[in-house]
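Listing of structure-v5.txt; format and content: compact mmCIF, C-alpha atoms and all ligand atoms.
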```txt
# COMPACT_ATOMS: atom_id res chain seq x y z
CA MET U 1 4.62 -5.24 -32.88
CA LYS U 2 4.85 -1.46 -32.48
CA ARG U 3 4.07 -1.13 -36.16
CA THR U 4 0.79 -3.07 -35.87
CA THR U 5 -0.19 -0.93 -32.90
CA SER U 6 0.42 2.29 -34.78
CA LEU U 7 -1.68 1.20 -37.76
CA PHE U 8 -4.53 0.30 -35.40
CA LEU U 9 -4.28 3.63 -33.64
CA SER U 10 -4.38 5.64 -36.86
CA ALA U 11 -7.56 3.80 -37.83
CA VAL U 12 -9.11 4.78 -34.49
CA ALA U 13 -8.05 8.41 -34.95
CA ALA U 14 -9.51 8.52 -38.46
CA THR U 15 -12.88 7.21 -37.24
CA SER U 16 -13.15 9.53 -34.28
CA SER U 17 -12.53 12.61 -36.41
CA PHE U 18 -15.98 12.04 -37.96
CA THR U 19 -17.66 12.01 -34.58
CA ARG U 20 -16.02 15.14 -33.14
CA LEU U 21 -18.61 17.69 -32.07
CA THR U 22 -16.25 20.63 -32.25
CA THR U 23 -14.80 22.02 -35.41
CA ALA U 24 -12.46 24.29 -33.47
CA GLN U 25 -8.90 24.18 -34.70
CA LYS U 26 -6.39 21.74 -33.21
CA LEU U 27 -3.08 23.30 -32.20
CA ALA U 28 0.41 22.15 -31.21
CA PHE U 29 2.67 24.10 -28.86
CA ALA U 30 6.13 23.82 -27.30
CA HIS U 31 6.89 24.69 -23.68
CA VAL U 32 9.63 27.32 -23.30
CA VAL U 33 11.27 27.76 -19.89
CA VAL U 34 11.71 31.55 -20.01
CA GLY U 35 13.96 31.35 -16.93
CA ASP U 36 16.49 29.47 -19.13
CA THR U 37 16.66 32.20 -21.80
CA ALA U 38 18.81 34.73 -19.92
CA ALA U 39 21.31 35.08 -22.80
CA HIS U 40 18.60 35.43 -25.49
CA THR U 41 18.46 38.49 -27.71
CA GLN U 42 15.67 39.28 -30.14
CA SER U 43 17.62 37.44 -32.85
CA THR U 44 18.00 34.28 -30.68
CA TRP U 45 14.20 34.31 -30.28
CA GLU U 46 13.78 34.79 -34.03
CA ASN U 47 15.88 31.67 -34.62
CA ASP U 48 13.83 29.67 -32.07
CA ILE U 49 10.56 30.81 -33.66
CA LYS U 50 11.73 29.99 -37.20
CA LEU U 51 12.77 26.48 -36.14
CA ALA U 52 9.53 25.84 -34.22
CA HIS U 53 7.44 27.15 -37.12
CA ALA U 54 9.35 24.94 -39.59
CA ALA U 55 8.59 21.94 -37.35
CA GLY U 56 4.85 22.60 -37.69
CA LEU U 57 4.35 24.00 -34.18
CA ASP U 58 1.76 26.77 -33.81
CA ALA U 59 2.95 28.60 -30.70
CA PHE U 60 5.31 28.76 -27.75
CA ALA U 61 3.96 28.48 -24.20
CA LEU U 62 6.14 31.06 -22.44
CA ASN U 63 6.51 29.59 -18.96
CA GLY U 64 7.92 31.92 -16.31
CA GLY U 65 8.01 32.17 -12.52
CA PHE U 66 7.62 35.15 -10.21
CA PRO U 67 9.60 37.11 -9.28
CA ASP U 68 12.28 36.71 -11.97
CA SER U 69 13.65 39.77 -13.75
CA ASN U 70 14.50 37.64 -16.80
CA VAL U 71 10.86 36.84 -17.36
CA PRO U 72 9.44 40.29 -18.27
CA LYS U 73 12.59 41.11 -20.24
CA GLN U 74 12.56 37.88 -22.26
CA ILE U 75 8.80 37.92 -22.83
CA ALA U 76 9.31 41.38 -24.37
CA ASN U 77 12.16 40.02 -26.57
CA ALA U 78 10.03 37.05 -27.65
CA PHE U 79 7.13 39.29 -28.70
CA ALA U 80 9.46 41.71 -30.51
CA ALA U 81 10.99 38.74 -32.41
CA CYS U 82 7.61 37.23 -33.24
CA GLU U 83 6.14 40.55 -34.41
CA SER U 84 9.13 41.25 -36.62
CA LEU U 85 8.93 37.80 -38.27
CA ALA U 86 5.13 37.98 -38.68
CA ASN U 87 5.12 34.39 -40.01
CA GLY U 88 1.89 33.33 -38.31
CA PHE U 89 3.60 31.79 -35.27
CA LYS U 90 2.01 32.71 -31.93
CA LEU U 91 2.96 33.07 -28.27
CA PHE U 92 1.02 32.74 -25.04
CA VAL U 93 1.94 33.02 -21.38
CA ALA U 94 1.96 30.07 -18.95
CA PHE U 95 2.24 31.42 -15.41
CA ASP U 96 4.52 29.15 -13.37
CA TYR U 97 3.28 29.30 -9.77
CA LEU U 98 6.10 27.09 -8.42
CA GLY U 99 9.09 28.23 -10.49
CA GLY U 100 9.86 31.60 -8.92
CA GLY U 101 9.57 31.02 -5.19
CA GLN U 102 6.26 32.88 -4.95
CA PRO U 103 2.83 32.48 -6.56
CA TRP U 104 1.96 35.02 -9.28
CA PRO U 105 0.08 38.03 -7.83
CA ALA U 106 -3.14 38.53 -9.82
CA SER U 107 -2.20 42.16 -10.51
CA GLU U 108 1.05 41.04 -12.23
CA VAL U 109 -0.82 38.46 -14.30
CA VAL U 110 -3.29 41.13 -15.41
CA SER U 111 -0.62 43.67 -16.34
CA ILE U 112 1.28 41.15 -18.49
CA LEU U 113 -1.92 40.02 -20.24
CA GLN U 114 -3.13 43.60 -20.80
CA ASN U 115 0.27 44.48 -22.18
CA TYR U 116 0.57 41.64 -24.72
CA SER U 117 -2.86 40.17 -25.48
CA SER U 118 -3.54 42.70 -28.23
CA SER U 119 -0.31 41.80 -30.06
CA ASP U 120 -0.80 40.08 -33.43
CA CYS U 121 1.51 37.42 -32.00
CA TYR U 122 -0.58 36.62 -28.92
CA LEU U 123 -2.51 33.36 -29.42
CA HIS U 124 -6.27 33.84 -29.37
CA TYR U 125 -8.66 30.90 -29.16
CA SER U 126 -12.44 31.27 -29.26
CA ASN U 127 -11.67 34.99 -29.67
CA ARG U 128 -9.94 35.20 -26.30
CA PRO U 129 -6.26 35.33 -25.28
CA PHE U 130 -5.07 31.80 -24.47
CA VAL U 131 -3.48 31.43 -21.01
CA SER U 132 -2.03 28.45 -19.14
CA THR U 133 -0.23 27.75 -15.86
CA PHE U 134 2.15 25.40 -14.18
CA GLU U 135 0.20 24.55 -11.00
CA GLY U 136 -1.19 27.49 -8.96
CA THR U 137 -3.84 25.57 -7.04
CA GLY U 138 -3.55 28.09 -4.17
CA ASN U 139 -4.77 30.83 -6.55
CA ILE U 140 -7.73 29.13 -8.23
CA ASP U 141 -10.12 31.90 -7.17
CA ASP U 142 -8.16 34.50 -9.21
CA TRP U 143 -9.49 32.65 -12.27
CA ALA U 144 -13.16 32.47 -11.24
CA PRO U 145 -15.60 34.33 -13.51
CA GLY U 146 -15.39 37.95 -12.32
CA GLY U 147 -12.32 37.06 -10.18
CA ALA U 148 -9.13 39.11 -9.89
CA VAL U 149 -7.79 38.00 -13.30
CA ARG U 150 -10.88 37.12 -15.31
CA GLY U 151 -12.74 40.18 -14.08
CA ALA U 152 -10.03 42.29 -15.77
CA VAL U 153 -9.12 40.18 -18.86
CA ASP U 154 -11.46 37.68 -20.52
CA VAL U 155 -9.12 34.76 -21.14
CA TYR U 156 -9.34 31.26 -22.68
CA PHE U 157 -7.91 29.46 -19.67
CA VAL U 158 -6.22 26.03 -19.84
CA PRO U 159 -4.33 25.55 -16.55
CA ASP U 160 -2.14 22.66 -15.46
CA TRP U 161 -3.54 21.94 -12.01
CA THR U 162 -2.47 18.30 -12.18
CA SER U 163 -1.89 18.10 -8.42
CA LEU U 164 -5.68 18.28 -7.91
CA GLY U 165 -6.06 14.88 -9.54
CA PRO U 166 -8.99 14.03 -11.84
CA THR U 167 -11.38 13.80 -8.88
CA GLY U 168 -10.36 17.26 -7.61
CA ILE U 169 -10.94 19.25 -10.81
CA GLY U 170 -14.73 18.76 -10.78
CA ALA U 171 -15.25 21.54 -8.23
CA HIS U 172 -13.43 24.08 -10.42
CA LEU U 173 -14.87 23.54 -13.89
CA ASP U 174 -16.45 27.03 -13.93
CA ASN U 175 -12.94 28.52 -13.73
CA ILE U 176 -11.48 26.73 -16.76
CA ASP U 177 -12.03 26.42 -20.50
CA GLY U 178 -9.67 23.49 -20.87
CA PHE U 179 -7.19 21.45 -18.85
CA PHE U 180 -3.51 20.62 -19.26
CA SER U 181 -2.13 17.50 -17.56
CA TRP U 182 1.55 17.46 -16.61
CA ASP U 183 1.37 13.69 -16.22
CA MET U 184 3.36 12.69 -19.29
CA TRP U 185 6.17 10.44 -17.99
CA PRO U 186 5.73 6.88 -16.69
CA ASN U 187 6.25 5.77 -13.10
CA GLY U 188 9.47 3.78 -12.51
CA ALA U 189 10.45 0.90 -14.77
CA SER U 190 7.36 0.97 -16.97
CA ASP U 191 6.21 2.47 -20.27
CA MET U 192 3.81 5.41 -20.47
CA THR U 193 0.15 4.76 -21.26
CA ALA U 194 -2.71 7.13 -22.07
CA ASP U 195 -4.69 6.04 -18.97
CA HIS U 196 -4.13 9.28 -17.06
CA ASP U 197 -5.04 11.39 -20.10
CA LEU U 198 -8.28 9.47 -20.56
CA ALA U 199 -9.09 9.93 -16.85
CA TRP U 200 -8.61 13.70 -17.20
CA VAL U 201 -10.68 13.86 -20.39
CA ASN U 202 -13.45 11.98 -18.59
CA ALA U 203 -13.19 14.23 -15.49
CA ILE U 204 -13.47 17.55 -17.38
CA GLY U 205 -16.25 16.40 -19.73
CA SER U 206 -16.90 17.21 -23.37
CA GLU U 207 -17.56 20.93 -22.78
CA LYS U 208 -13.89 21.52 -21.90
CA THR U 209 -10.84 21.12 -24.13
CA TYR U 210 -7.87 18.92 -23.22
CA MET U 211 -4.19 19.76 -23.70
CA MET U 212 -2.02 16.63 -23.80
CA GLY U 213 1.67 16.75 -22.89
CA VAL U 214 4.25 14.98 -25.05
CA SER U 215 7.85 14.78 -23.87
CA PRO U 216 10.82 12.93 -25.32
CA TRP U 217 12.95 12.45 -22.21
CA PHE U 218 13.43 13.30 -18.51
CA PHE U 219 16.62 13.52 -16.40
CA HIS U 220 16.64 16.19 -13.69
CA SER U 221 20.30 17.00 -13.05
CA ALA U 222 20.47 20.54 -11.64
CA SER U 223 22.79 20.71 -8.63
CA GLY U 224 21.30 21.00 -5.13
CA GLY U 225 18.26 18.91 -4.27
CA THR U 226 16.96 15.65 -5.66
CA ASP U 227 18.18 14.41 -9.04
CA TRP U 228 15.94 11.85 -10.70
CA VAL U 229 15.03 10.07 -13.91
CA TRP U 230 11.70 9.14 -15.47
CA ARG U 231 11.74 6.70 -18.39
CA GLY U 232 12.22 8.32 -21.80
CA ASP U 233 13.32 5.41 -24.03
CA ASP U 234 10.46 4.72 -26.51
CA LEU U 235 8.44 7.63 -25.08
CA TRP U 236 8.68 10.03 -28.04
CA ALA U 237 7.22 7.44 -30.45
CA ASP U 238 4.77 5.92 -27.94
CA ARG U 239 3.40 9.25 -26.78
CA TRP U 240 2.70 10.56 -30.29
CA ASN U 241 0.87 7.30 -30.93
CA GLN U 242 -1.18 7.97 -27.78
CA VAL U 243 -2.00 11.48 -29.07
CA MET U 244 -3.71 9.83 -32.06
CA THR U 245 -5.86 7.72 -29.68
CA VAL U 246 -6.72 10.39 -27.09
CA ASP U 247 -7.38 12.93 -29.87
CA PRO U 248 -6.97 16.07 -27.70
CA GLN U 249 -7.67 19.63 -28.85
CA PHE U 250 -4.12 20.79 -28.03
CA VAL U 251 -0.73 19.13 -27.71
CA GLN U 252 2.11 20.70 -25.75
CA VAL U 253 5.62 19.40 -26.37
CA VAL U 254 7.52 19.57 -23.06
CA THR U 255 10.02 21.09 -23.59
CA TRP U 256 11.81 23.39 -25.99
CA ASN U 257 14.70 24.28 -23.70
CA ASP U 258 14.63 22.63 -20.27
CA TRP U 259 18.33 21.75 -20.11
CA GLY U 260 18.17 20.94 -16.39
CA GLU U 261 15.65 18.15 -17.08
CA ALA U 262 17.02 16.98 -20.46
CA SER U 263 13.60 17.24 -22.13
CA TYR U 264 14.69 19.85 -24.72
CA ILE U 265 14.10 19.68 -28.48
CA GLY U 266 15.37 23.21 -29.29
CA PRO U 267 18.85 24.46 -30.21
CA PHE U 268 21.58 24.81 -27.61
CA VAL U 269 22.55 28.47 -27.15
CA THR U 270 25.16 28.76 -24.40
CA ASP U 271 26.15 27.07 -21.14
CA ASN U 272 25.12 30.34 -19.47
CA GLU U 273 21.50 29.30 -20.03
CA VAL U 274 21.98 25.82 -18.54
CA PRO U 275 21.26 25.44 -14.80
CA SER U 276 24.38 24.89 -12.74
CA GLY U 277 25.33 21.21 -12.53
CA SER U 278 23.56 20.25 -15.75
CA SER U 279 26.08 21.34 -18.41
CA VAL U 280 28.16 18.18 -18.04
CA TYR U 281 25.09 16.12 -19.01
CA VAL U 282 23.87 18.45 -21.78
CA ASP U 283 27.03 19.46 -23.65
CA ASN U 284 27.44 17.51 -26.92
CA MET U 285 24.07 15.84 -26.39
CA PRO U 286 21.92 17.48 -29.09
CA HIS U 287 18.19 16.72 -29.21
CA GLU U 288 17.33 18.84 -32.25
CA SER U 289 16.69 15.73 -34.38
CA PHE U 290 13.63 15.02 -32.20
CA ARG U 291 11.99 17.81 -34.25
CA ASP U 292 12.45 16.01 -37.57
CA PHE U 293 9.23 13.97 -37.36
CA LEU U 294 7.13 16.79 -35.85
CA PRO U 295 5.72 17.95 -39.22
CA TYR U 296 4.44 14.39 -39.74
CA TYR U 297 3.18 13.86 -36.18
CA ILE U 298 1.46 17.26 -35.97
CA ALA U 299 -0.22 16.94 -39.39
CA THR U 300 -1.48 13.45 -38.41
CA PHE U 301 -2.77 14.75 -35.06
CA LYS U 302 -4.66 17.52 -36.88
CA GLY U 303 -6.10 15.11 -39.45
CA ASP U 304 -4.20 16.82 -42.27
CA LYS U 305 -2.70 14.83 -45.12
CA PHE U 306 1.08 14.54 -44.91
CA ASP U 307 3.05 13.73 -48.03
CA ILE U 308 6.02 11.50 -47.18
CA SER U 309 8.33 12.69 -49.92
CA ARG U 310 11.58 11.12 -48.67
CA ASP U 311 12.77 8.33 -46.36
CA GLN U 312 13.71 9.64 -42.92
CA MET U 313 15.02 8.13 -39.69
CA GLN U 314 15.48 9.50 -36.19
CA TYR U 315 17.43 7.62 -33.51
CA TRP U 316 18.41 8.20 -29.91
CA TYR U 317 20.33 6.39 -27.19
CA ARG U 318 22.53 6.89 -24.15
CA LEU U 319 26.22 6.66 -25.02
CA ALA U 320 27.16 3.92 -22.51
CA PRO U 321 25.36 1.20 -20.54
CA ALA U 322 23.82 2.58 -17.33
CA ALA U 323 26.07 0.33 -15.22
CA GLY U 324 29.15 1.72 -17.03
CA GLY U 325 29.31 4.66 -14.61
CA SER U 326 28.35 5.68 -11.08
CA GLU U 327 24.76 6.58 -10.24
CA CYS U 328 26.07 9.70 -8.42
CA GLY U 329 22.92 10.02 -6.31
CA VAL U 330 20.46 10.03 -9.21
CA LEU U 331 17.17 8.31 -8.26
CA GLY U 332 14.56 6.48 -10.26
CA ASN U 333 11.33 8.47 -9.59
CA ASN U 334 11.02 11.56 -7.38
CA PRO U 335 10.28 10.98 -3.67
CA ASP U 336 9.62 14.75 -3.25
CA GLN U 337 6.45 14.17 -5.30
CA GLY U 338 5.37 11.22 -3.17
CA GLN U 339 6.74 8.59 -5.54
CA THR U 340 8.43 5.36 -4.44
CA VAL U 341 12.13 5.44 -5.32
CA VAL U 342 13.33 2.62 -7.57
CA ASP U 343 16.82 1.77 -8.84
CA VAL U 344 17.55 4.33 -11.55
CA ASN U 345 19.29 1.68 -13.66
CA SER U 346 16.07 -0.33 -13.77
CA VAL U 347 14.19 2.69 -15.15
CA VAL U 348 16.43 3.20 -18.18
CA GLN U 349 16.99 0.48 -20.78
CA ASP U 350 20.35 -0.03 -22.52
CA LYS U 351 18.89 0.15 -26.01
CA VAL U 352 19.08 2.08 -29.26
CA PHE U 353 15.65 3.61 -30.05
CA PHE U 354 14.81 4.42 -33.66
CA SER U 355 11.92 5.43 -35.89
CA ALA U 356 11.62 5.47 -39.67
CA LEU U 357 9.21 7.42 -41.86
CA LEU U 358 9.25 5.56 -45.18
CA THR U 359 7.87 6.42 -48.61
CA SER U 360 7.27 2.68 -49.26
CA PRO U 361 8.18 -0.64 -47.58
CA ALA U 362 11.91 -1.03 -46.93
CA THR U 363 14.39 -2.84 -44.70
CA VAL U 364 15.86 -0.75 -41.88
CA GLN U 365 19.27 -1.86 -40.61
CA VAL U 366 21.06 -1.01 -37.37
CA GLN U 367 24.69 -1.92 -36.82
CA ILE U 368 26.59 -1.20 -33.60
CA GLY U 369 30.35 -1.05 -34.24
CA ASN U 370 31.67 -4.03 -36.21
CA ASN U 371 28.91 -6.34 -35.01
CA PRO U 372 26.49 -7.84 -37.54
CA ALA U 373 23.75 -5.45 -38.75
CA VAL U 374 20.22 -6.28 -37.56
CA SER U 375 17.36 -5.92 -40.08
CA TYR U 376 13.79 -4.75 -39.49
CA ASP U 377 10.86 -4.86 -41.94
CA GLY U 378 9.50 -1.34 -42.36
CA VAL U 379 6.10 -0.44 -43.79
CA ALA U 380 5.22 2.71 -45.72
CA GLY U 381 4.57 5.46 -43.13
CA ILE U 382 5.72 5.52 -39.51
CA ASN U 383 7.71 2.70 -37.87
CA HIS U 384 9.41 2.43 -34.48
CA TRP U 385 11.71 -0.17 -32.90
CA ASN U 386 14.43 -0.56 -30.29
CA GLN U 387 17.53 -2.74 -30.14
CA ASP U 388 19.46 -3.87 -27.05
CA PHE U 389 23.10 -2.78 -26.72
CA ASN U 390 23.84 -6.43 -25.76
CA GLY U 391 27.34 -5.40 -24.67
CA GLN U 392 28.14 -4.10 -28.15
CA THR U 393 30.13 -0.88 -28.53
CA GLY U 394 31.09 1.42 -31.39
CA VAL U 395 29.62 3.94 -33.78
CA VAL U 396 26.01 3.06 -34.69
CA LYS U 397 25.09 2.88 -38.37
CA PHE U 398 21.47 3.29 -39.53
CA SER U 399 20.40 2.41 -43.10
CA VAL U 400 17.30 2.22 -45.24
CA VAL U 401 17.65 -0.60 -47.80
CA ARG U 402 15.23 -1.18 -50.66
CA ASN U 403 15.48 -3.86 -53.37
CA GLY U 404 18.95 -4.77 -52.13
CA ALA U 405 20.34 -1.24 -52.45
CA THR U 406 21.07 1.22 -49.62
CA VAL U 407 18.82 4.23 -50.21
CA LYS U 408 20.04 6.26 -47.25
CA SER U 409 22.45 5.75 -44.40
CA ASN U 410 24.13 7.69 -41.62
CA THR U 411 26.13 7.07 -38.46
CA GLY U 412 25.33 8.19 -34.93
CA ALA U 413 27.53 8.81 -31.89
CA GLU U 414 29.74 6.02 -30.52
CA ILE U 415 28.56 3.75 -27.70
CA THR U 416 31.36 3.07 -25.22
CA ALA U 417 31.60 0.36 -22.53
CA SER U 418 31.80 2.91 -19.73
CA THR U 419 30.88 6.53 -19.21
CA SER U 420 33.03 9.07 -21.01
CA LEU U 421 32.26 11.78 -18.44
CA ALA U 422 35.24 12.99 -16.43
CA ASN U 423 33.20 12.84 -13.19
CA GLY U 424 32.67 9.08 -13.65
CA CYS U 425 28.89 9.51 -13.47
CA THR U 426 26.44 7.81 -15.81
CA ASN U 427 24.88 10.28 -18.19
CA TYR U 428 21.15 9.52 -18.13
CA ASN U 429 20.64 12.02 -20.97
CA THR U 430 20.23 10.80 -24.55
CA TRP U 431 22.08 11.60 -27.76
CA VAL U 432 19.76 12.17 -30.76
CA GLY U 433 20.45 12.03 -34.50
CA SER U 434 18.54 11.74 -37.76
CA PHE U 435 18.62 11.72 -41.54
C1 LIG U 501 4.98 45.85 -21.67
O1 LIG U 501 5.60 45.67 -22.94
C2 LIG U 501 6.81 46.37 -23.14
C3 LIG U 501 7.32 46.07 -24.54
O2 LIG U 501 6.34 46.33 -25.49
C4 LIG U 501 7.84 45.95 -22.12
O3 LIG U 501 9.01 46.70 -22.27
C5 LIG U 501 7.28 46.07 -20.70
O4 LIG U 501 8.20 45.50 -19.79
C6 LIG U 501 5.95 45.34 -20.60
N1 LIG U 501 5.36 45.50 -19.28
C7 LIG U 501 4.83 44.47 -18.62
C8 LIG U 501 4.20 44.76 -17.29
O5 LIG U 501 4.83 43.34 -19.04
```

Can the structure from this file be put into structure tokens for me?
Ligand SMILES: *[C@@H]1O[C@H](CO)[C@@H](O)[C@H](O)[C@H]1NC(C)=O
Amino acid sequence: MKRTTSLFLSAVAATSSFTRLTTAQKLAFAHVVVGDTAAHTQSTWENDIKLAHAAGLDAFALNGGFPDSNVPKQIANAFAACESLANGFKLFVAFDYLGGGQPWPASEVVSILQNYSSSDCYLHYSNRPFVSTFEGTGNIDDWAPGGAVRGAVDVYFVPDWTSLGPTGIGAHLDNIDGFFSWDMWPNGASDMTADHDLAWVNAIGSEKTYMMGVSPWFFHSASGGTDWVWRGDDLWADRWNQVMTVDPQFVQVVTWNDWGEASYIGPFVTDNEVPSGSSVYVDNMPHESFRDFLPYYIATFKGDKFDISRDQMQYWYRLAPAAGGSECGVLGNNPDQGQTVVDVNSVVQDKVFFSALLTSPATVQVQIGNNPAVSYDGVAGINHWNQDFNGQTGVVKFSVVRNGATVKSNTGAEITASTSLANGCTNYNTWVGSF
């Protein structure tokens, strides 16, 4: 069923590319939480940039709050790393108005932009330095034409002012060049749709560009305050499919390194960069395999031809049924954002989620422990499915079989009947693997 949907969506994307009025370049970014890079050196940044570049990403959105002494220091390290690699990868700043306890003063925004916007590594779009935000709706006037920021630096401005809602942005269209919606996870026990994206696209009109958020997962686990889950599950595959329908100018993968919210796709560096309380849920739970299909997804989003030269799979799942541990206060949805709380164990599904990128039709098999393998008919191109745990436990084996012979196969982490965490809590984070 998912397969049919994806073929339909690619047909829609192909048609709409002929009717696009703009020929401006489409770009894909990843969101870096600069506050979680305290242990980074220039060489750590070089490694991040090389991996992001290899995945087909164009730039990092460097998101930082104010005041935070790590932010200026790590932005400097990131630019030094990028300039020394000179591989075409770019950086831009996303001013986080909620992340540092204080909104960004316009003078600080201006000094950072004046300092870095002339770097070969700073992303320019329509010949202007590209700038974004996380919220900041109390400071909208700074970004008015001739205002405290724009009067000093002529930026290409694509803020996330999602809290305004699509009806609220209309009054501020003169202040923006594009819009970024943070609404990229579903509400409660449901799957994400593109409805909110289409509402934003409609609200900003065809003169403005749209930046669409794509996230693989969400489990906020930092200690102190509300801990909550939004449904990940099929999201990584579903959301990329929605990108092909919405056809935005920019995509931002959220995130590269948000350990405290389990949305990361970048490499783990050290527990010192993980917010306190989150390490127990992040350690030994790699997400780097989420990047494996990015070259395909990004090329497809841009309308570029992608040559599938080998059979690949990526697969992700929690390592025990949700009821196999204590909820430990974790909520489904976030009441602090006005959402209705639902049972967290109704939000997450006890399933193995898996995608295959195939050179030609093949059978994909999934086997949990010693239970019988289940077969799925794969088509050439992208495929996505899920399979219930059904009480089964053990190491999970994934195979691509063609003409009766196993072409490729690998095993993923073991599923156990109950949580393996020493604190007895359910880990709502996912393990991710690939071949
Ligand atoms: C300006 O850039 C230099 C590195 O080139 C950095 O050391 C300094 O902190 C930056 N200043 C501001 C205000 O960002």

Of U:Gly225, U:Gly99, U:Gly151, U:Gly178, the one sitting nearest Leu331 of chain U when using all atoms listed in the file is U:Gly225

When the cut-off is 6 Å and you count only C-alpha atoms and all ligand atoms, which residues lie near ligand LIG 501 (chain U), shown as a PyMOL selection string? chain U and resi 72+76+111-112+115

Kindly save the residues from that selection, with C-alpha atoms included, as a compact mmCIF listing (two decimals), in the coordinates of the input.
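Generated output (part-v3.txt):
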```txt
# COMPACT_ATOMS: atom_id res chain seq x y z
CA PRO U 72 9.44 40.29 -18.27
CA ALA U 76 9.31 41.38 -24.37
CA SER U 111 -0.62 43.67 -16.34
CA ILE U 112 1.28 41.15 -18.49
CA ASN U 115 0.27 44.48 -22.18
```

Point-to-point distance in Å for atom CA of Gly412 of chain U and atom CA of Val269 of chain U: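 It comes out at 21.9 Å.
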
Atomic separation - atom CA of Ala30 of chain U relative to atom CA of Ala59 of chain U, Å: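 Value for the atom CA of Ala59 of chain U-atom CA of Ala30 of chain U distance: 6.7 Å.
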
Excluding segment 245-252 of chain U and any residue of its chain fewer than 4 positions from it, enumerate the residues within 9 Å of it, using only C-alpha atoms, and give them as a PyMOL selection string. chain U and resi 9-10+12-13+16-17+24-31+60-61+180+194+197-198+201+209-215+241+298+301-302

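What separates atom CA of Lys90 of chain U from atom CA of Asp120 of chain U is a distance of 8.0 Å.
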
Pick from U:Thr37, U:Asn423, U:Asn175, U:Asn429 nearest to His287 of chain U, counting only C-alpha atoms: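 Looking at the shortest contact to His287 of chain U, the residue is U:Asn429.
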
Please provide the set of residues having any atom within 10 Å of Phe130 of chain U, restricted to only C-alpha atoms, with same-chain residues fewer than 3 positions apart removed, written as number ranges by chain. U: 61, 91-94, 113, 117, 122-127, 154-158, 177

Draw an axis-aligned box tight on the listed atoms of segment 298-309 of chain U, then pad every side by 6 Å and write out centre and edge lengths in Å to one decimal as JSON.
```
{"center_x": 1.1, "center_y": 14.5, "center_z": -42.5, "size_x": 26.4, "size_y": 18.0, "size_z": 26.9}
```

Point out the residue among U:Gly224, U:Gly369, U:Gly338, U:Gly378 with the least atom-to-atom distance to Thr393 of chain U, counting only C-alpha atoms. U:Gly369
